[in-house]
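Engineer: There's a structure below that I have some questions on.
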Amino acid sequence: MIRAILTDIEGTTSSISFVKDVLFPYARAHLGSFVAEHGDEPEVARWLAATAQEADLDPADRDAIVATLRRWIDEDRKATPLKALQGMIWLAGYRDGAYRAHVYPEVAGRLRAWKAQGLPLYVYSSGSVAAQKLFFRYSDAGDLSALFDGHFDTEIGGKREADSYARISAAIGVAPEEILFLSDIVEELDAARRAGLQTTWLCRAPLQCPTDGAHRCVADFDAIRV
């Protein structure tokens, strides 16, 4: 029995291209001005200091920190300080109407149907919790944020580490074997399965499900059975 659904975002609910071709360039272009304007605010300063610590930089050298953050964006580095700062920058873009977050056509309807069945819905993404909430609040399918009961990011652990999924299970109070995890990344699904979760692999067109995959595989949310 499934008692909760945990979903990834990129490649699962939404296209990877939106993040890589819209959100990442926006954050990169606005990073310098954002740090110059907001760098002394406590929450921003916290993540700038965390960047300096992780990169072994002088915490007072804002130029070096910004350059490092831009390089991490180019590398698609899953660094928690970067994800937190990106989320703050993206908020301005959403509010200004610069873009709306992409979700695949069937996703909103399926999420609403699961919610109507009484299934709690959770998100686990490498993007910060703040960025996740913005993503679903400002989606091109409307405000979906109220559908979710909780969000998790890399502060709980890496997505390819089984312990992360065990911590999520404990946090939401649902046994691992009663949680269904949805992702397009096999290594994440492998980690979730090692923690005892049920898994479904989203393999969206033009990709096709393999005939001998280790995980149940579907082309879209409408093909998921819970």
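Here's how to read the names in the structure tokens: chain A, B, ... by the order shown, residue numbers from 1 in each chain, ligand numbers from 1 in the order shown.
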Please identify the strand (DSSP E or B) residues within chain A (assignment by DSSP from backbone atoms) and present them as a ChimeraX atom specification.
Structural biologist: /A:4-7,10,14,101,121-124,139,142,150-152,179-183,198-202,216-218
Engineer: I'd like the neighbourhood of Ala52 (chain A) as a ChimeraX atom specification, where a residue qualifies if any of its atoms comes within 10 Å (using only C-alpha atoms), though same-chain residues fewer than 4 positions away should be ignored.
Structural biologist: /A:47-48,56-62,64-66,68-69,81
Engineer: List the neighbours of Gly158 (chain A) out to 10 Å using only C-alpha atoms; skip same-chain residues closer than 5 positions along the sequence, and give me the result as a PDB file with C-alpha atoms, in the first residue's frame.
Structural biologist:
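Written out: around.pdb:
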ATOM      1  CA  LYS A  78      24.766  20.462  -6.300  1.00  0.00           C
ATOM      2  CA  SER A 125      14.993  17.957  -5.154  1.00  0.00           C
ATOM      3  CA  SER A 126      18.558  19.220  -5.273  1.00  0.00           C
ATOM      4  CA  ASP A 153      16.538  19.389  -0.358  1.00  0.00           C
ATOM      5  CA  ASP A 163      20.305   7.436   4.340  1.00  0.00           C
ATOM      6  CA  SER A 164      18.639  10.538   2.890  1.00  0.00           C
ATOM      7  CA  TYR A 165      15.481   8.594   2.091  1.00  0.00           C
ATOM      8  CA  GLU A 188      18.405   8.116  -7.076  1.00  0.00           C
ATOM      9  CA  ALA A 191      19.277   4.733  -3.304  1.00  0.00           C
TER      10      ALA A 191
END
Engineer: Show me, as a list of chain:residue names, the residues that have an atom within 10 Å of Leu144 (chain A) when counting only C-alpha atoms, minus same-chain residues fewer than 5 positions from it.
Structural biologist: A:Ala108, A:Leu111, A:Arg112, A:Lys133, A:Leu134, A:Phe135, A:Phe136, A:Arg137, A:Tyr138, A:Ser139
Engineer: Using only C-alpha atoms, which protein or nucleic acid residues come within 12 Å of Ala113 (chain A)? Drop anything in the same chain fewer than 4 positions from it, and give the result as a PyMOL selection string.
Structural biologist: chain A and resi 106-109+117-121+147+221-222+224-226
Engineer: Would you save the residues of that selection, restricted to all heavy atoms, as a compact mmCIF listing (two decimals), in the first residue's frame?
Structural biologist:
# COMPACT_ATOMS: atom_id res chain seq x y z
N GLU A 106 0.24 16.60 -17.89
CA GLU A 106 -0.62 15.74 -17.07
C GLU A 106 -0.33 15.83 -15.57
O GLU A 106 -1.07 15.28 -14.75
CB GLU A 106 -0.48 14.28 -17.53
CG GLU A 106 0.70 13.51 -16.93
CD GLU A 106 2.09 13.93 -17.40
OE1 GLU A 106 2.18 14.72 -18.36
OE2 GLU A 106 3.08 13.46 -16.82
N VAL A 107 0.75 16.51 -15.22
CA VAL A 107 1.23 16.47 -13.83
C VAL A 107 0.24 17.11 -12.86
O VAL A 107 -0.09 16.53 -11.81
CB VAL A 107 2.62 17.12 -13.72
CG1 VAL A 107 2.98 17.40 -12.26
CG2 VAL A 107 3.68 16.23 -14.37
N ALA A 108 -0.23 18.30 -13.15
CA ALA A 108 -1.11 18.99 -12.21
C ALA A 108 -2.37 18.19 -11.92
O ALA A 108 -2.78 18.04 -10.76
CB ALA A 108 -1.47 20.38 -12.75
N GLY A 109 -2.98 17.65 -12.97
CA GLY A 109 -4.19 16.87 -12.78
C GLY A 109 -3.96 15.62 -11.96
O GLY A 109 -4.78 15.25 -11.10
N GLN A 117 -7.36 11.67 -3.21
CA GLN A 117 -7.42 10.32 -2.66
C GLN A 117 -6.92 10.28 -1.22
O GLN A 117 -6.99 9.23 -0.57
CB GLN A 117 -6.54 9.37 -3.49
CG GLN A 117 -7.06 9.05 -4.87
CD GLN A 117 -6.08 8.18 -5.64
OE1 GLN A 117 -5.64 8.52 -6.72
NE2 GLN A 117 -5.71 7.04 -5.07
N GLY A 118 -6.41 11.38 -0.73
CA GLY A 118 -5.90 11.42 0.63
C GLY A 118 -4.43 11.10 0.75
O GLY A 118 -3.94 10.88 1.86
N LEU A 119 -3.70 11.09 -0.38
CA LEU A 119 -2.28 10.80 -0.35
C LEU A 119 -1.48 12.08 -0.11
O LEU A 119 -1.58 13.03 -0.89
CB LEU A 119 -1.82 10.18 -1.67
CG LEU A 119 -2.22 8.73 -1.92
CD1 LEU A 119 -1.95 8.35 -3.37
CD2 LEU A 119 -1.47 7.81 -0.98
N PRO A 120 -0.69 12.15 0.94
CA PRO A 120 0.19 13.30 1.13
C PRO A 120 1.30 13.30 0.08
O PRO A 120 1.82 12.24 -0.29
CB PRO A 120 0.74 13.12 2.54
CG PRO A 120 0.57 11.68 2.85
CD PRO A 120 -0.60 11.19 2.06
N LEU A 121 1.64 14.48 -0.41
CA LEU A 121 2.63 14.64 -1.47
C LEU A 121 3.83 15.43 -0.96
O LEU A 121 3.66 16.46 -0.29
CB LEU A 121 2.01 15.37 -2.66
CG LEU A 121 0.70 14.80 -3.23
CD1 LEU A 121 0.17 15.70 -4.32
CD2 LEU A 121 0.93 13.38 -3.75
N LEU A 147 -0.75 21.81 -2.83
CA LEU A 147 -0.89 20.36 -2.97
C LEU A 147 0.15 19.60 -2.15
O LEU A 147 -0.04 18.42 -1.86
CB LEU A 147 -0.77 19.96 -4.44
CG LEU A 147 -1.86 20.47 -5.38
CD1 LEU A 147 -1.53 20.10 -6.83
CD2 LEU A 147 -3.22 19.90 -4.99
N PHE A 221 2.98 10.72 -15.74
CA PHE A 221 2.29 10.53 -14.46
C PHE A 221 0.99 9.76 -14.61
O PHE A 221 0.56 9.08 -13.67
CB PHE A 221 2.01 11.88 -13.80
CG PHE A 221 3.13 12.38 -12.92
CD1 PHE A 221 4.46 12.16 -13.26
CD2 PHE A 221 2.88 13.08 -11.76
CE1 PHE A 221 5.49 12.62 -12.45
CE2 PHE A 221 3.89 13.54 -10.93
CZ PHE A 221 5.20 13.30 -11.29
N ASP A 222 0.33 9.89 -15.76
CA ASP A 222 -0.95 9.19 -15.94
C ASP A 222 -0.78 7.66 -15.95
O ASP A 222 -1.75 6.94 -15.72
CB ASP A 222 -1.62 9.63 -17.24
CG ASP A 222 -2.31 10.98 -17.10
OD1 ASP A 222 -2.58 11.39 -15.95
OD2 ASP A 222 -2.57 11.63 -18.13
N ILE A 224 1.18 6.06 -13.84
CA ILE A 224 1.57 5.62 -12.50
C ILE A 224 0.33 5.08 -11.79
O ILE A 224 -0.71 5.73 -11.76
CB ILE A 224 2.18 6.78 -11.69
CG1 ILE A 224 3.45 7.28 -12.38
CG2 ILE A 224 2.48 6.34 -10.25
CD1 ILE A 224 3.98 8.58 -11.79
N ARG A 225 0.44 3.90 -11.19
CA ARG A 225 -0.66 3.31 -10.45
C ARG A 225 -0.31 3.24 -8.98
O ARG A 225 0.77 2.76 -8.61
CB ARG A 225 -0.96 1.89 -10.98
CG ARG A 225 -1.42 1.88 -12.43
CD ARG A 225 -2.80 2.52 -12.58
NE ARG A 225 -3.22 2.61 -13.97
CZ ARG A 225 -3.12 3.71 -14.72
NH1 ARG A 225 -2.58 4.79 -14.21
NH2 ARG A 225 -3.53 3.72 -15.97
N VAL A 226 -1.19 3.78 -8.13
CA VAL A 226 -0.94 3.74 -6.69
C VAL A 226 -2.11 3.09 -5.98
O VAL A 226 -3.22 3.02 -6.52
CB VAL A 226 -0.71 5.18 -6.13
CG1 VAL A 226 0.50 5.81 -6.77
CG2 VAL A 226 -1.94 6.05 -6.35
Engineer: Give the alpha helix (DSSP H) residues of region 78-204 of chain A, as DSSP finds them on the backbone, and put them as a VMD selection string.
Structural biologist: chain A and resid 80 to 95 107 to 116 129 to 137 162 to 172 186 to 194
Engineer: What's around Tyr26 (chain A) at 12 Å? Count only C-alpha atoms, leave out sequence neighbours fewer than 6 positions away in its own chain, and write the answer as number ranges by chain.
Structural biologist: A: 18-20, 32-34, 70, 73, 86-94, 98-99
